[in-house]
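One file, structure_35.cif, is given below (mmCIF, C-alpha atoms).
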data_work
loop_
_atom_site.label_atom_id
_atom_site.label_comp_id
_atom_site.auth_asym_id
_atom_site.auth_seq_id
_atom_site.Cartn_x
_atom_site.Cartn_y
_atom_site.Cartn_z
CA MET A 1 -7.47 -0.42 -22.11
CA LYS A 2 -6.07 0.90 -18.82
CA LYS A 3 -7.86 3.57 -16.84
CA SER A 4 -6.55 5.62 -13.92
CA ILE A 5 -8.81 5.20 -10.88
CA GLY A 6 -6.80 7.34 -8.48
CA ALA A 7 -4.67 6.71 -5.40
CA LYS A 8 -6.72 4.28 -3.30
CA THR A 9 -6.18 1.47 -0.80
CA ILE A 10 -7.44 -1.33 -3.02
CA LEU A 11 -5.65 -4.67 -3.05
CA PHE A 12 -6.82 -8.29 -3.33
CA PRO A 13 -6.84 -10.22 -1.11
CA THR A 14 -7.12 -7.95 1.94
CA PRO A 15 -7.36 -9.78 5.26
CA VAL A 16 -9.71 -9.66 8.25
CA PHE A 17 -7.45 -10.00 11.27
CA ILE A 18 -8.93 -9.83 14.75
CA VAL A 19 -6.36 -8.15 16.98
CA ALA A 20 -6.77 -8.75 20.72
CA THR A 21 -5.12 -6.76 23.51
CA TYR A 22 -5.43 -5.83 27.19
CA ASP A 23 -5.98 -2.25 28.25
CA LYS A 24 -4.17 -0.54 31.12
CA SER A 25 -6.59 -2.03 33.66
CA GLY A 26 -6.34 -5.54 32.22
CA ARG A 27 -9.67 -5.53 30.39
CA PRO A 28 -9.48 -7.48 27.12
CA ASN A 29 -10.45 -5.87 23.81
CA ALA A 30 -10.55 -7.00 20.18
CA VAL A 31 -10.74 -5.15 16.86
CA ALA A 32 -10.95 -6.09 13.19
CA VAL A 33 -7.92 -4.96 11.17
CA ALA A 34 -7.68 -5.07 7.37
CA TRP A 35 -4.34 -3.31 6.95
CA GLY A 36 -1.62 -5.87 7.63
CA GLY A 37 0.20 -9.05 6.72
CA ILE A 38 3.30 -11.14 7.36
CA CYS A 39 6.40 -8.94 7.06
CA CYS A 40 9.38 -11.16 7.88
CA SER A 41 10.21 -14.89 7.86
CA ALA A 42 13.03 -14.87 10.43
CA PRO A 43 12.16 -13.87 13.03
CA PRO A 44 8.56 -14.58 12.00
CA CYS A 45 6.77 -11.23 12.16
CA VAL A 46 3.38 -9.78 11.32
CA ALA A 47 2.55 -6.10 10.75
CA ILE A 48 -0.80 -4.48 11.52
CA SER A 49 -1.72 -0.82 11.09
CA LEU A 50 -3.97 1.21 13.39
CA ARG A 51 -5.12 4.80 13.72
CA GLU A 52 -3.96 6.55 16.89
CA ALA A 53 -7.63 7.18 17.78
CA THR A 54 -8.34 3.46 18.27
CA TYR A 55 -8.49 1.82 21.68
CA THR A 56 -6.15 -0.94 20.51
CA TYR A 57 -3.44 1.59 19.57
CA GLY A 58 -3.16 2.68 23.22
CA ASN A 59 -3.34 -0.89 24.45
CA ILE A 60 -0.43 -2.06 22.30
CA MET A 61 1.65 0.98 23.26
CA GLU A 62 0.99 0.09 26.92
CA ARG A 63 1.37 -3.69 26.81
CA LYS A 64 3.85 -4.15 23.92
CA ALA A 65 1.91 -7.20 22.80
CA PHE A 66 -1.08 -8.31 20.72
CA THR A 67 -2.56 -11.44 19.21
CA VAL A 68 -3.76 -11.86 15.63
CA ASN A 69 -6.76 -14.19 15.51
CA ILE A 70 -8.18 -15.63 12.29
CA PRO A 71 -11.98 -15.75 12.25
CA SER A 72 -13.90 -18.45 10.37
CA GLU A 73 -17.00 -17.82 8.23
CA LYS A 74 -19.23 -18.93 11.11
CA HIS A 75 -17.97 -15.95 13.17
CA ILE A 76 -18.31 -13.35 10.42
CA LYS A 77 -20.95 -11.34 12.31
CA GLU A 78 -18.79 -11.17 15.42
CA ALA A 79 -15.77 -10.18 13.31
CA ASP A 80 -17.76 -7.45 11.57
CA TYR A 81 -19.06 -6.12 14.89
CA LEU A 82 -15.48 -5.97 16.22
CA GLY A 83 -14.66 -3.61 13.34
CA ILE A 84 -17.63 -1.35 14.01
CA ALA A 85 -17.69 -0.84 17.81
CA SER A 86 -14.93 0.74 19.90
CA GLY A 87 -13.55 -0.74 23.11
CA LYS A 88 -13.71 2.78 24.51
CA ASN A 89 -17.51 2.51 24.66
CA GLU A 90 -18.34 -1.18 24.72
CA ASP A 91 -17.05 -4.37 26.31
CA LYS A 92 -16.73 -6.22 23.01
CA PHE A 93 -16.03 -9.62 24.56
CA ALA A 94 -19.20 -9.33 26.67
CA VAL A 95 -21.28 -8.28 23.65
CA THR A 96 -20.04 -11.05 21.35
CA GLY A 97 -19.78 -13.78 23.99
CA LEU A 98 -16.28 -14.57 22.70
CA THR A 99 -13.74 -15.86 25.25
CA PRO A 100 -10.41 -14.10 25.93
CA CYS A 101 -7.74 -16.65 26.93
CA LYS A 102 -4.66 -15.72 28.90
CA SER A 103 -1.46 -16.31 26.96
CA ASP A 104 1.55 -17.76 28.79
CA ILE A 105 3.85 -16.11 26.27
CA VAL A 106 2.71 -12.54 25.59
CA ASP A 107 0.78 -9.88 27.52
CA ALA A 108 -2.32 -10.10 25.31
CA PRO A 109 -5.31 -12.46 25.25
CA TYR A 110 -6.13 -14.79 22.38
CA ILE A 111 -9.65 -15.68 21.31
CA GLU A 112 -10.75 -19.20 22.22
CA GLU A 113 -13.43 -19.53 19.51
CA PHE A 114 -11.14 -18.54 16.61
CA SER A 115 -9.16 -21.40 15.06
CA LEU A 116 -5.78 -19.75 14.69
CA ASN A 117 -4.15 -17.41 17.21
CA LEU A 118 -0.79 -15.73 16.64
CA GLU A 119 0.83 -14.52 19.86
CA CYS A 120 2.96 -11.47 19.12
CA ARG A 121 5.42 -9.34 21.02
CA LEU A 122 5.81 -5.77 19.72
CA ILE A 123 9.28 -5.21 18.25
CA ASN A 124 8.83 -2.01 16.24
CA THR A 125 6.36 0.79 15.51
CA VAL A 126 6.44 2.76 12.26
CA LYS A 127 4.53 6.03 12.04
CA ILE A 128 3.33 6.32 8.44
CA GLY A 129 0.47 8.85 8.25
CA LEU A 130 -3.06 8.40 9.53
CA HIS A 131 -2.00 4.86 10.44
CA THR A 132 0.88 3.62 12.54
CA GLN A 133 2.25 0.20 11.85
CA PHE A 134 2.93 -2.22 14.69
CA ILE A 135 5.38 -5.01 13.92
CA GLY A 136 4.98 -8.02 16.17
CA GLU A 137 7.28 -10.99 16.45
CA ILE A 138 5.18 -14.18 16.33
CA LYS A 139 6.29 -16.07 19.45
CA ASP A 140 3.87 -18.97 19.00
CA ILE A 141 0.68 -19.99 17.20
CA LYS A 142 -2.16 -21.69 19.03
CA ALA A 143 -4.56 -23.67 16.85
CA ASP A 144 -7.68 -25.72 17.41
CA GLU A 145 -6.59 -29.35 17.33
CA ASN A 146 -9.52 -30.31 15.10
CA MET A 147 -8.51 -27.65 12.54
CA LEU A 148 -5.09 -29.24 11.93
CA GLU A 149 -4.02 -31.80 9.37
CA LYS A 150 -1.09 -34.14 10.12
CA GLY A 151 -1.09 -32.82 13.69
CA SER A 152 0.37 -29.39 13.05
CA ILE A 153 -0.70 -27.93 9.67
CA PRO A 154 -3.68 -25.53 9.78
CA ASP A 155 -6.38 -26.87 7.43
CA ILE A 156 -7.72 -23.94 5.38
CA GLY A 157 -10.68 -26.04 4.24
CA LYS A 158 -11.83 -26.54 7.82
CA ILE A 159 -10.90 -23.07 9.10
CA GLN A 160 -12.81 -21.30 6.29
CA PRO A 161 -11.10 -17.92 6.59
CA PHE A 162 -12.55 -15.00 4.69
CA SER A 163 -11.24 -11.76 3.23
CA PHE A 164 -12.32 -8.14 2.90
CA ASN A 165 -12.90 -6.39 -0.40
CA PRO A 166 -11.87 -2.74 0.20
CA ALA A 167 -13.33 -1.65 -3.17
CA THR A 168 -16.91 -2.58 -2.25
CA LEU A 169 -16.71 -3.12 1.55
CA THR A 170 -17.80 -6.74 1.20
CA TYR A 171 -16.52 -10.04 2.62
CA TYR A 172 -15.53 -13.00 0.46
CA GLY A 173 -14.97 -16.62 1.36
CA THR A 174 -12.02 -18.80 0.39
CA GLY A 175 -12.40 -20.41 -3.02
CA LYS A 176 -11.08 -23.62 -4.45
CA ASN A 177 -7.57 -25.07 -4.46
CA LEU A 178 -5.84 -23.84 -7.64
CA GLY A 179 -2.60 -25.79 -7.41
CA GLU A 180 0.80 -26.04 -5.85
CA ALA A 181 2.99 -22.97 -5.34
CA PHE A 182 6.61 -23.06 -6.54
CA ALA A 183 5.53 -25.86 -8.85
CA ILE A 184 2.83 -25.00 -11.40
CA GLY A 185 4.97 -22.25 -12.96
CA LYS A 186 8.13 -24.34 -13.25
CA GLY A 187 7.43 -25.32 -16.83
CA LEU A 188 7.82 -21.72 -17.98
CA SER A 189 11.39 -21.32 -16.79
CA GLY A 190 13.77 -20.89 -19.67
CA LYS A 191 11.08 -21.67 -22.28
CA LYS A 192 11.19 -18.53 -24.37
CA LYS A 193 14.64 -17.16 -23.70
CA MET B 1 -8.63 -27.94 22.57
CA LYS B 2 -5.80 -25.58 21.58
CA LYS B 3 -2.42 -26.87 20.50
CA SER B 4 0.85 -24.95 20.15
CA ILE B 5 2.21 -25.30 16.62
CA GLY B 6 5.24 -23.05 17.06
CA ALA B 7 6.31 -19.64 15.78
CA LYS B 8 5.49 -19.73 12.06
CA THR B 9 4.47 -17.33 9.29
CA ILE B 10 0.95 -18.68 8.82
CA LEU B 11 -1.93 -16.27 8.23
CA PHE B 12 -5.07 -16.39 6.10
CA PRO B 13 -5.48 -14.84 3.63
CA THR B 14 -1.92 -14.27 2.42
CA PRO B 15 -1.64 -12.41 -0.89
CA VAL B 16 0.16 -13.00 -4.17
CA PHE B 17 1.45 -9.59 -5.19
CA ILE B 18 3.52 -9.23 -8.35
CA VAL B 19 6.06 -6.48 -7.70
CA ALA B 20 7.59 -4.91 -10.80
CA THR B 21 10.72 -2.75 -10.92
CA TYR B 22 13.52 -1.54 -13.19
CA ASP B 23 17.10 -2.47 -12.53
CA LYS B 24 20.04 -0.07 -12.76
CA SER B 25 20.26 -0.51 -16.53
CA GLY B 26 16.50 -0.02 -17.05
CA ARG B 27 15.63 -3.68 -17.58
CA PRO B 28 12.21 -4.53 -16.12
CA ASN B 29 11.79 -7.32 -13.59
CA ALA B 30 8.89 -8.81 -11.65
CA VAL B 31 8.65 -11.03 -8.59
CA ALA B 32 5.87 -12.69 -6.59
CA VAL B 33 5.63 -11.39 -3.02
CA ALA B 34 3.46 -12.96 -0.30
CA TRP B 35 4.60 -10.83 2.65
CA GLY B 36 2.73 -7.53 2.48
CA GLY B 37 -0.49 -5.56 2.57
CA ILE B 38 -2.01 -2.11 2.82
CA CYS B 39 -0.41 -0.25 5.76
CA CYS B 40 -1.95 3.26 5.75
CA SER B 41 -5.12 4.96 4.47
CA ALA B 42 -3.79 8.52 4.22
CA PRO B 43 -1.53 8.75 2.42
CA PRO B 44 -2.55 5.44 0.84
CA CYS B 45 0.40 3.10 1.32
CA VAL B 46 1.29 -0.53 0.76
CA ALA B 47 4.07 -2.51 2.43
CA ILE B 48 5.98 -5.40 0.86
CA SER B 49 8.85 -7.36 2.37
CA LEU B 50 11.87 -8.71 0.51
CA ARG B 51 15.10 -10.50 1.33
CA GLU B 52 18.26 -8.53 0.58
CA ALA B 53 19.38 -11.34 -1.72
CA THR B 54 16.56 -10.70 -4.20
CA TYR B 55 17.03 -8.79 -7.42
CA THR B 56 14.00 -6.62 -6.63
CA TYR B 57 15.53 -5.47 -3.33
CA GLY B 58 18.41 -3.82 -5.17
CA ASN B 59 16.09 -2.41 -7.83
CA ILE B 60 13.85 -0.66 -5.30
CA MET B 61 16.85 0.71 -3.41
CA GLU B 62 18.12 2.10 -6.72
CA ARG B 63 14.88 3.40 -8.25
CA LYS B 64 12.84 4.25 -5.10
CA ALA B 65 9.73 2.94 -6.81
CA PHE B 66 7.79 -0.25 -7.51
CA THR B 67 4.39 -1.36 -8.74
CA VAL B 68 2.12 -3.93 -7.11
CA ASN B 69 0.20 -5.88 -9.75
CA ILE B 70 -2.71 -8.20 -8.97
CA PRO B 71 -2.70 -11.37 -11.06
CA SER B 72 -5.92 -13.15 -12.05
CA GLU B 73 -6.44 -16.91 -11.94
CA LYS B 74 -5.75 -17.13 -15.66
CA HIS B 75 -2.18 -15.91 -15.03
CA ILE B 76 -1.47 -18.20 -12.07
CA LYS B 77 1.32 -20.08 -13.87
CA GLU B 78 3.08 -16.84 -14.78
CA ALA B 79 2.67 -15.57 -11.21
CA ASP B 80 4.08 -18.79 -9.79
CA TYR B 81 7.03 -18.69 -12.19
CA LEU B 82 7.77 -15.09 -11.10
CA GLY B 83 8.14 -16.40 -7.53
CA ILE B 84 10.50 -19.21 -8.55
CA ALA B 85 12.99 -17.60 -10.96
CA SER B 86 15.36 -14.73 -10.19
CA GLY B 87 15.83 -11.64 -12.35
CA LYS B 88 19.55 -12.09 -11.79
CA ASN B 89 19.54 -15.12 -14.07
CA GLU B 90 16.49 -14.80 -16.30
CA ASP B 91 14.64 -12.09 -18.20
CA LYS B 92 11.29 -12.87 -16.60
CA PHE B 93 9.26 -10.63 -18.92
CA ALA B 94 10.76 -12.38 -21.94
CA VAL B 95 10.08 -15.83 -20.50
CA THR B 96 6.44 -15.12 -19.55
CA GLY B 97 5.59 -12.91 -22.50
CA LEU B 98 4.11 -10.37 -20.07
CA THR B 99 4.33 -6.69 -21.07
CA PRO B 100 6.06 -4.06 -18.94
CA CYS B 101 4.37 -0.65 -19.38
CA LYS B 102 6.11 2.61 -18.66
CA SER B 103 4.46 4.54 -15.83
CA ASP B 104 4.14 8.32 -16.13
CA ILE B 105 4.10 8.61 -12.35
CA VAL B 106 6.75 6.36 -10.84
CA ASP B 107 10.08 4.94 -11.96
CA ALA B 108 8.79 1.37 -12.23
CA PRO B 109 6.88 -0.54 -14.92
CA TYR B 110 3.41 -1.96 -14.46
CA ILE B 111 2.19 -5.17 -16.04
CA GLU B 112 -0.23 -4.72 -18.93
CA GLU B 113 -1.89 -8.14 -18.66
CA PHE B 114 -2.71 -7.85 -14.93
CA SER B 115 -6.02 -6.14 -14.12
CA LEU B 116 -4.94 -3.92 -11.27
CA ASN B 117 -1.66 -2.00 -11.03
CA LEU B 118 -0.66 0.08 -8.01
CA GLU B 119 2.04 2.63 -8.81
CA CYS B 120 4.12 3.23 -5.70
CA ARG B 121 6.87 5.61 -4.68
CA LEU B 122 9.14 4.36 -1.88
CA ILE B 123 8.70 6.43 1.29
CA ASN B 124 10.29 4.23 3.95
CA THR B 125 12.34 1.07 4.44
CA VAL B 126 12.27 -0.92 7.67
CA LYS B 127 14.93 -3.56 8.31
CA ILE B 128 13.25 -6.31 10.32
CA GLY B 129 15.34 -9.48 10.10
CA LEU B 130 15.78 -11.73 7.08
CA HIS B 131 13.27 -9.45 5.34
CA THR B 132 13.29 -5.69 4.86
CA GLN B 133 9.97 -3.94 4.50
CA PHE B 134 9.46 -1.39 1.74
CA ILE B 135 6.64 1.08 2.28
CA GLY B 136 5.35 2.63 -0.92
CA GLU B 137 2.92 5.48 -1.27
CA ILE B 138 0.26 4.53 -3.82
CA LYS B 139 0.33 7.45 -6.30
CA ASP B 140 -2.28 6.00 -8.66
CA ILE B 141 -3.98 2.75 -9.62
CA LYS B 142 -4.32 1.67 -13.24
CA ALA B 143 -7.09 -0.80 -13.95
CA ASP B 144 -8.42 -2.63 -17.00
CA GLU B 145 -11.55 -0.77 -18.06
CA ASN B 146 -13.46 -4.02 -18.55
CA MET B 147 -12.66 -5.10 -14.96
CA LEU B 148 -14.43 -2.08 -13.44
CA GLU B 149 -18.00 -1.69 -12.29
CA LYS B 150 -19.63 1.76 -12.30
CA GLY B 151 -16.61 3.07 -14.19
CA SER B 152 -14.13 3.08 -11.31
CA ILE B 153 -14.69 0.19 -8.86
CA PRO B 154 -12.53 -2.91 -9.44
CA ASP B 155 -14.83 -5.93 -9.88
CA ILE B 156 -13.44 -8.81 -7.83
CA GLY B 157 -15.73 -11.27 -9.63
CA LYS B 158 -14.16 -10.41 -12.97
CA ILE B 159 -10.60 -9.96 -11.72
CA GLN B 160 -10.57 -13.38 -9.96
CA PRO B 161 -7.62 -12.71 -7.65
CA PHE B 162 -6.16 -15.62 -5.74
CA SER B 163 -4.26 -16.08 -2.50
CA PHE B 164 -1.37 -18.13 -1.15
CA ASN B 165 -1.67 -20.64 1.65
CA PRO B 166 1.67 -20.48 3.52
CA ALA B 167 0.79 -23.58 5.58
CA THR B 168 0.64 -25.91 2.56
CA LEU B 169 2.24 -23.81 -0.23
CA THR B 170 -0.94 -23.91 -2.28
CA TYR B 171 -2.98 -21.27 -4.13
CA TYR B 172 -6.67 -20.65 -3.46
CA GLY B 173 -9.25 -18.79 -5.49
CA THR B 174 -11.69 -16.17 -4.26
CA GLY B 175 -14.90 -17.65 -2.85
CA LYS B 176 -18.42 -16.36 -2.68
CA ASN B 177 -19.75 -13.02 -1.43
CA LEU B 178 -20.48 -13.40 2.30
CA GLY B 179 -22.10 -10.04 2.98
CA GLU B 180 -21.58 -6.38 3.60
CA ALA B 181 -18.80 -5.14 5.91
CA PHE B 182 -19.65 -2.63 8.65
CA ALA B 183 -23.23 -3.88 8.36
CA ILE B 184 -23.79 -7.59 9.08
CA GLY B 185 -22.43 -7.28 12.63
CA LYS B 186 -24.42 -4.19 13.56
CA GLY B 187 -27.19 -6.20 15.23
CA LEU B 188 -24.78 -7.37 17.93
CA SER B 189 -23.92 -3.92 19.23
CA GLY B 190 -25.20 -3.36 22.76
CA LYS B 191 -27.14 -6.67 22.75
CA LYS B 192 -25.68 -8.42 25.75
CA LYS B 193 -24.28 -5.58 27.81
#
As structure tokens, please, write out the structure in this file.
Amino acid sequence: MKKSIGAKTILFPTPVFIVATYDKSGRPNAVAVAWGGICCSAPPCVAISLREATYTYGNIMERKAFTVNIPSEKHIKEADYLGIASGKNEDKFAVTGLTPCKSDIVDAPYIEEFSLNLECRLINTVKIGLHTQFIGEIKDIKADENMLEKGSIPDIGKIQPFSFNPATLTYYGTGKNLGEAFAIGKGLSGKKK
Amino acid sequence: MKKSIGAKTILFPTPVFIVATYDKSGRPNAVAVAWGGICCSAPPCVAISLREATYTYGNIMERKAFTVNIPSEKHIKEADYLGIASGKNEDKFAVTGLTPCKSDIVDAPYIEEFSLNLECRLINTVKIGLHTQFIGEIKDIKADENMLEKGSIPDIGKIQPFSFNPATLTYYGTGKNLGEAFAIGKGLSGKKK
């Protein structure tokens, strides 16, 4: 039996992206963002949404760049903190001890300790409502060498990314491998036509 | 040591959304979409990206509505099939045996067998590159009553949503509860200033 539960922002999985930027004076900042995802294959682009009140909103408007960093389970406390504090009041890199690295490609720092770092140049902003969406073209990905398989494929088992449950405000780890995409459903095609 | 792995569409977690629509003649269709996510809290909105060549692209342009349905592990084969076949050539509801339900709110069907159904009205389209982004306002969510806790909160443990790994084209289940958001990182605040 279906029940209406109202118009809410509940979807599974919802990510935990750590978005890093520079402010006007060059000070690095980072924030946890749950509203976002890949939005185009060519050029490769990622979208993240922010309220205008956030420090990162102003930074991206100023610098036209950001990085999306994927935290591992071992950095879950740092990631959570980055979603609580504001760069307006705290130096979040100093508090967490995380390291902002200068990118050669975009005007935004990436986070040394996080395994996967997407370097993005802003190509579009879309005002929606409370949130504005920033679309960034992914210019390169930096990855920890020891988190790669076959030299260039990020290893999800080693990276141990986690997700956010917007229904209960809880984090969840990555579960087990369930099978190959574009493969396990092939048998159905044409079966019952 | 960081290594450049190039400009790719790799992010964790990446979702498996099943987007359902009607075509011009009223025939229901559904497709698996990995590029998307929540993009605004107020009004509550979700973004999904599609190539112009897809059947669903034309359907949304025509009907200005879509639903986002969250598949459970037990329907992983059906979900995978929906990402392989095209509604141009196959009646995907007939092949999978899934049931399209008429929505009272938007001009798109939702999928009976999937636990969580977001009913969305198109409010914006953003042409990016190969993909165009469709922003839908979430007008209501329908949920299976037996997948709710406290009467209205979707229970991720019962729903068993899964995600897509774009680096290896593999599906992954939901892992264990890692703790409370906006809570476990509180201890860090102000510590090392």
- prompt: How far is it from atom CA of B:Gly26 to atom CA of B:Thr54, in Å with one decimal?
  reply: 16.7 Å
- request: Give me the result of the PyMOL selection byres ((chain B and resi 57) around 12) on this file, residue by residue, as an MDAnalysis selection string.
  value: chainID B and resid 19:24 29:31 33 48:56 58:66 86:88 122 125 127 131:134
- request: Can you give me, as an NGL selection string, the residues this file yields under the PyMOL selection byres ((chain A and resi 7) around 8)?
  value: (:A and (5-6 or 8-9)) or (:B and (44 or 138-141))
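Of note, atom CA of A:Tyr81 and atom CA of B:Ala183 are spaced 8.1 Å apart.
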- request: Pull out every residue that the PyMOL selection byres ((chain B and resi 76-79) around 8) matches in the shown coordinates and put them as a list of chain:residue names.
  value: A:Ile184, A:Gly185, A:Leu188, B:Val16, B:Ile18, B:Val31, B:Ala32, B:Pro71, B:Ser72, B:Glu73, B:Lys74, B:His75, B:Asp80, B:Tyr81, B:Leu82, B:Gly83, B:Thr96
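The protein and nucleic acid residues lying at most 7 Å from B:Leu130 are Cys40, Ser41 and Ala42 of chain A; Arg51 of chain B, with only C-alpha atoms considered and sequence neighbours fewer than 4 positions away removed.
Atom CA of A:Ala47 is found 9.8 Å from atom CA of A:Val126.
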Atoms added to stretch 6-14 of chain B (all heavy atoms), reported as a compact mmCIF listing (two decimals), keeping the file's coordinate frame:
# COMPACT_ATOMS: atom_id res chain seq x y z
N GLY B 6 3.96 -23.72 17.25
CA GLY B 6 5.24 -23.05 17.06
C GLY B 6 5.14 -21.70 16.38
O GLY B 6 4.07 -21.30 15.93
N ALA B 7 6.25 -20.99 16.35
CA ALA B 7 6.31 -19.64 15.78
C ALA B 7 6.52 -19.74 14.28
O ALA B 7 7.63 -20.03 13.82
CB ALA B 7 7.44 -18.85 16.43
N LYS B 8 5.43 -19.56 13.52
CA LYS B 8 5.49 -19.73 12.06
C LYS B 8 4.83 -18.55 11.36
O LYS B 8 4.05 -17.82 11.98
CB LYS B 8 4.75 -21.01 11.66
CG LYS B 8 5.42 -22.26 12.16
CD LYS B 8 4.58 -23.48 11.87
CE LYS B 8 5.31 -24.74 12.34
NZ LYS B 8 4.43 -25.91 12.38
N THR B 9 5.08 -18.41 10.08
CA THR B 9 4.47 -17.33 9.29
C THR B 9 3.22 -17.86 8.58
O THR B 9 3.19 -17.96 7.36
CB THR B 9 5.48 -16.78 8.28
OG1 THR B 9 6.06 -17.88 7.58
CG2 THR B 9 6.57 -15.97 8.94
N ILE B 10 2.20 -18.18 9.40
CA ILE B 10 0.95 -18.68 8.82
C ILE B 10 -0.19 -17.73 9.15
O ILE B 10 -0.46 -17.46 10.31
CB ILE B 10 0.63 -20.09 9.34
CG1 ILE B 10 1.72 -21.07 8.89
CG2 ILE B 10 -0.75 -20.55 8.85
CD1 ILE B 10 1.54 -22.48 9.39
N LEU B 11 -0.80 -17.19 8.11
CA LEU B 11 -1.93 -16.27 8.23
C LEU B 11 -2.82 -16.47 7.01
O LEU B 11 -2.33 -16.73 5.92
CB LEU B 11 -1.42 -14.81 8.21
CG LEU B 11 -1.19 -14.09 9.52
CD1 LEU B 11 -0.85 -12.64 9.24
CD2 LEU B 11 -2.39 -14.17 10.45
N PHE B 12 -4.12 -16.33 7.21
CA PHE B 12 -5.07 -16.39 6.10
C PHE B 12 -5.89 -15.12 6.05
O PHE B 12 -6.41 -14.72 7.10
CB PHE B 12 -6.03 -17.58 6.26
CG PHE B 12 -5.36 -18.91 6.40
CD1 PHE B 12 -5.70 -19.75 7.47
CD2 PHE B 12 -4.41 -19.34 5.49
CE1 PHE B 12 -5.10 -20.99 7.60
CE2 PHE B 12 -3.81 -20.59 5.63
CZ PHE B 12 -4.17 -21.41 6.69
N PRO B 13 -6.12 -14.50 4.89
CA PRO B 13 -5.48 -14.84 3.63
C PRO B 13 -4.09 -14.21 3.53
O PRO B 13 -3.83 -13.18 4.15
CB PRO B 13 -6.41 -14.19 2.60
CG PRO B 13 -6.91 -12.97 3.30
CD PRO B 13 -7.04 -13.36 4.74
N THR B 14 -3.23 -14.84 2.75
CA THR B 14 -1.92 -14.27 2.42
C THR B 14 -1.93 -13.99 0.92
O THR B 14 -2.38 -14.83 0.14
CB THR B 14 -0.80 -15.26 2.82
OG1 THR B 14 -0.72 -15.32 4.25
CG2 THR B 14 0.55 -14.83 2.28
